[in-house]
Amino acid sequence: MQTHWFYTVWPFIGIGGAIVMVAILLMTDTFRDNPTVSRWRDPVWLAWLAVPLYWIHQFEEYSLPVLGFDYSIQEMICKKLGFPPYPDCPIPLSFYPVVNIALMWFGAPLAAYLCRRNVLTGLSFWGLLLANGLLHTAGGVAAGAYNTGLWSSVFLFVPLSLWVLYACTIRGPYSGKVVGTAFGAGAVTHVLLFVVYGLYKSEVIGNAGLLFLAALTGFAPIILAAIASRFFKPESLRPVPVQ
Amino acid sequence: MDKGWTDVAIVLFPWIGGGAAIVFLFLLFGSRFLQSEPGSSRWHDRVWLSWLATAIYLLHNVEEYGIDVFGRMTQFPAEICSVLKLPAYPGCPIPSAYFLAVNIPLIWVVAPIAALLSRRHPLVGLAFYGVIFVNLFFHIMPLLAGTGFGPGTLTAIVLFIPVSAWIIHACFGADRLSYKALALVFFNGVLFHIILTGPLMLFINGKIGSAALVASQLANAALFLLIPWLGEKWRGGVLVRPVT
């Protein structure tokens, strides 16, 4: 199928960024809020960790056809929505980079940056990772077969999302309500994405609406977290030193 | 042209590097992380300048091997074949592995190592500018000679010229490193380009095979790091002593 060059290369830009980010996250204190405690218990560091993890996931999801493997997430999405395969699938190919780049090149780093002020916002993308990871895993188990994004979901998203829950609330200083709401904001974003698909499928929106909502969805975890934050005392949302 | 993973890799590697460059640029300009002295000007900080060299060369790679100003993809290898009067790809005999062997060891491995060592080894840290000085010449000369705007020329003009001029001003001269040190950096860049092109000529003329061609470039990257390191030790470190 004829595609724009950028639709092919963007996951590779992401994996390049992920390589540098992971190296810096694991080998330096740059993204840590409190270097005196383990980085694995530092919510600010954990918020930044979500960013390269999702870049790795996007690489797994979108690079396989380019690398010569017979897996295409675009085809899978069209099939799930009951559309014919490309080139007849009506979902514009620009939708995939728009939604992914808005979410993880702009939204997730912005959320991580805001984590020093608001843990609820900072951890919100982890809810997306958990929801996405569970969906890929459940899909793989149900089908008994690989789906694009399964490995990063099973080995990175699900275990590390559970770790974030454990480190931040079960054995951490934040209330279950705060962390649960953060994860909820991310999970609801995933639901919103399905709502967008539904609106498109039912022809309530067209291609322009799809692309606009895709870009907006990228910031949905932050928007939802900002709204939810109004229901918490500000001091309960600030990072606190972990003992 | 080789058929296989190297043909896929040559299309994709500049984008991976481009992604790394974006993160580096955020860290370079949005934080003090890549500076040796967080309180001082980053533009006078040799460690920061060493990392800057890595970032701008990764961007240069995007123009050379990713997409150029005319929207042509992976144009640099095609340009080299044209300059050497070889047939265009897929008929050009230069394997993709050669271009990967030139760029990945040098820019993905040697340049970050040099930047990491730059705190204690200023000449090693600035060594990558030797490649930039010489590479700049190869991109600008065809433009001045009127043969055209090749892949890499834009980043050479926009990034390499001002940064090279700044490096010479900020790092060499009175109270800084000597001009002999600058000469060594430049010589190292020239030598790198000689070893880059020499084996290629031997390969085109059938004197060596593609394995030897690729191996020569791996050795070239290692030698590129070794020379400034030895230069720092020369005559008790005279080259890295500040000029009074």
# chains A, B, ... in the order shown; residues from 1 in each chain; ligands from 1

$ residues_around --residues "Cys171 of chain B" --least-positions-apart "5" --cutoff "10 Å" --atoms "only C-alpha atoms" --output "VMD selection string"
chain B and resid 43 to 46 49 122 126 166 176 to 179 181 to 182 242

$ write_last_selection --atoms "C-alpha atoms" --output "mmCIF file, in the first residue's frame"
data_model
loop_
_atom_site.group_PDB
_atom_site.id
_atom_site.type_symbol
_atom_site.label_atom_id
_atom_site.label_comp_id
_atom_site.auth_asym_id
_atom_site.auth_seq_id
_atom_site.Cartn_x
_atom_site.Cartn_y
_atom_site.Cartn_z
ATOM 1 C CA TRP B 43 28.491 27.418 25.287
ATOM 2 C CA HIS B 44 31.872 27.490 27.055
ATOM 3 C CA ASP B 45 31.523 24.034 28.543
ATOM 4 C CA ARG B 46 33.625 21.479 26.652
ATOM 5 C CA LEU B 49 29.992 21.005 23.389
ATOM 6 C CA PRO B 122 39.285 17.421 26.476
ATOM 7 C CA LEU B 126 36.413 17.621 20.983
ATOM 8 C CA TRP B 166 32.171 28.729 17.756
ATOM 9 C CA ARG B 176 42.229 27.718 26.204
ATOM 10 C CA LEU B 177 43.632 24.742 24.286
ATOM 11 C CA SER B 178 46.474 25.453 21.870
ATOM 12 C CA TYR B 179 46.113 25.761 18.118
ATOM 13 C CA ALA B 181 45.624 20.823 19.669
ATOM 14 C CA LEU B 182 43.183 22.184 17.080
ATOM 15 C CA PRO B 242 45.933 25.849 28.506
#

$ residues_around --residues "Ala182 of chain A" --least-positions-apart "2" --cutoff "12 Å" --atoms "only C-alpha atoms" --output "MDAnalysis selection string"
chainID A and resid 43 47 111 115 118:130 161 164:165 168:169 174:180 184:189 220:229 232 237

$ interface_residues --of "chain B" --to "chain A" --cutoff "12 Å" --atoms "only C-alpha atoms" --output "ChimeraX atom specification"
/B:4-27,30-35,55,58-59,62,66-67,71-74,108,112

$ write_last_selection --atoms "C-alpha atoms" --output "CSV table (one decimal), in the first residue's frame"
chain,number,residue,atom,x,y,z
B,4,GLY,CA,19.2,-8.1,2.9
B,5,TRP,CA,19.0,-6.5,6.3
B,6,THR,CA,21.6,-3.9,5.6
B,7,ASP,CA,19.3,-2.4,2.8
B,8,VAL,CA,16.6,-2.1,5.4
B,9,ALA,CA,18.9,-0.8,8.0
B,10,ILE,CA,20.4,2.0,5.9
B,11,VAL,CA,16.9,3.4,5.4
B,12,LEU,CA,16.0,3.2,9.1
B,13,PHE,CA,19.2,4.0,11.0
B,14,PRO,CA,19.1,7.8,10.4
B,15,TRP,CA,15.7,7.9,12.0
B,16,ILE,CA,16.7,6.0,15.0
B,17,GLY,CA,19.6,8.4,15.3
B,18,GLY,CA,17.2,11.3,14.8
B,19,GLY,CA,15.1,10.2,17.7
B,20,ALA,CA,18.2,10.0,19.9
B,21,ALA,CA,19.2,13.5,18.7
B,22,ILE,CA,15.8,14.9,19.7
B,23,VAL,CA,16.3,13.6,23.3
B,24,PHE,CA,19.9,14.9,23.3
B,25,LEU,CA,18.7,18.3,22.2
B,26,PHE,CA,16.1,18.5,24.9
B,27,LEU,CA,18.7,17.5,27.5
B,30,GLY,CA,16.5,22.1,28.5
B,31,SER,CA,18.7,20.9,31.4
B,32,ARG,CA,22.2,21.2,32.8
B,33,PHE,CA,22.6,17.4,32.8
B,34,LEU,CA,25.2,17.4,30.0
B,35,GLN,CA,27.3,20.2,31.4
B,55,ALA,CA,23.5,15.6,18.5
B,58,LEU,CA,22.8,12.6,14.2
B,59,LEU,CA,20.7,15.3,12.7
B,62,VAL,CA,18.9,12.4,8.9
B,66,GLY,CA,16.9,10.0,5.8
B,67,ILE,CA,15.3,12.7,3.7
B,71,GLY,CA,12.4,15.2,-0.3
B,72,ARG,CA,14.7,12.4,-1.6
B,73,MET,CA,15.1,9.4,0.7
B,74,THR,CA,18.5,7.8,1.4
B,108,TRP,CA,26.5,5.9,17.7
B,112,PRO,CA,29.1,9.3,22.8

$ residues_around --residues "segment 97-103 of chain A" --least-positions-apart "5" --cutoff "6 Å" --atoms "only C-alpha atoms" --output "JSON, numbers by chain"
{"A": [214, 215, 218]}

$ closest_residue --among "B:Trp51, B:Ala219, B:Val214, B:Tyr57" --to "Val158 of chain B" --atoms "only C-alpha atoms"
B:Tyr57

$ closest_residue --among "A:Tyr166, A:Phe106, A:Phe212, A:Tyr197" --to "Ile91 of chain A" --atoms "only C-alpha atoms"
A:Tyr197
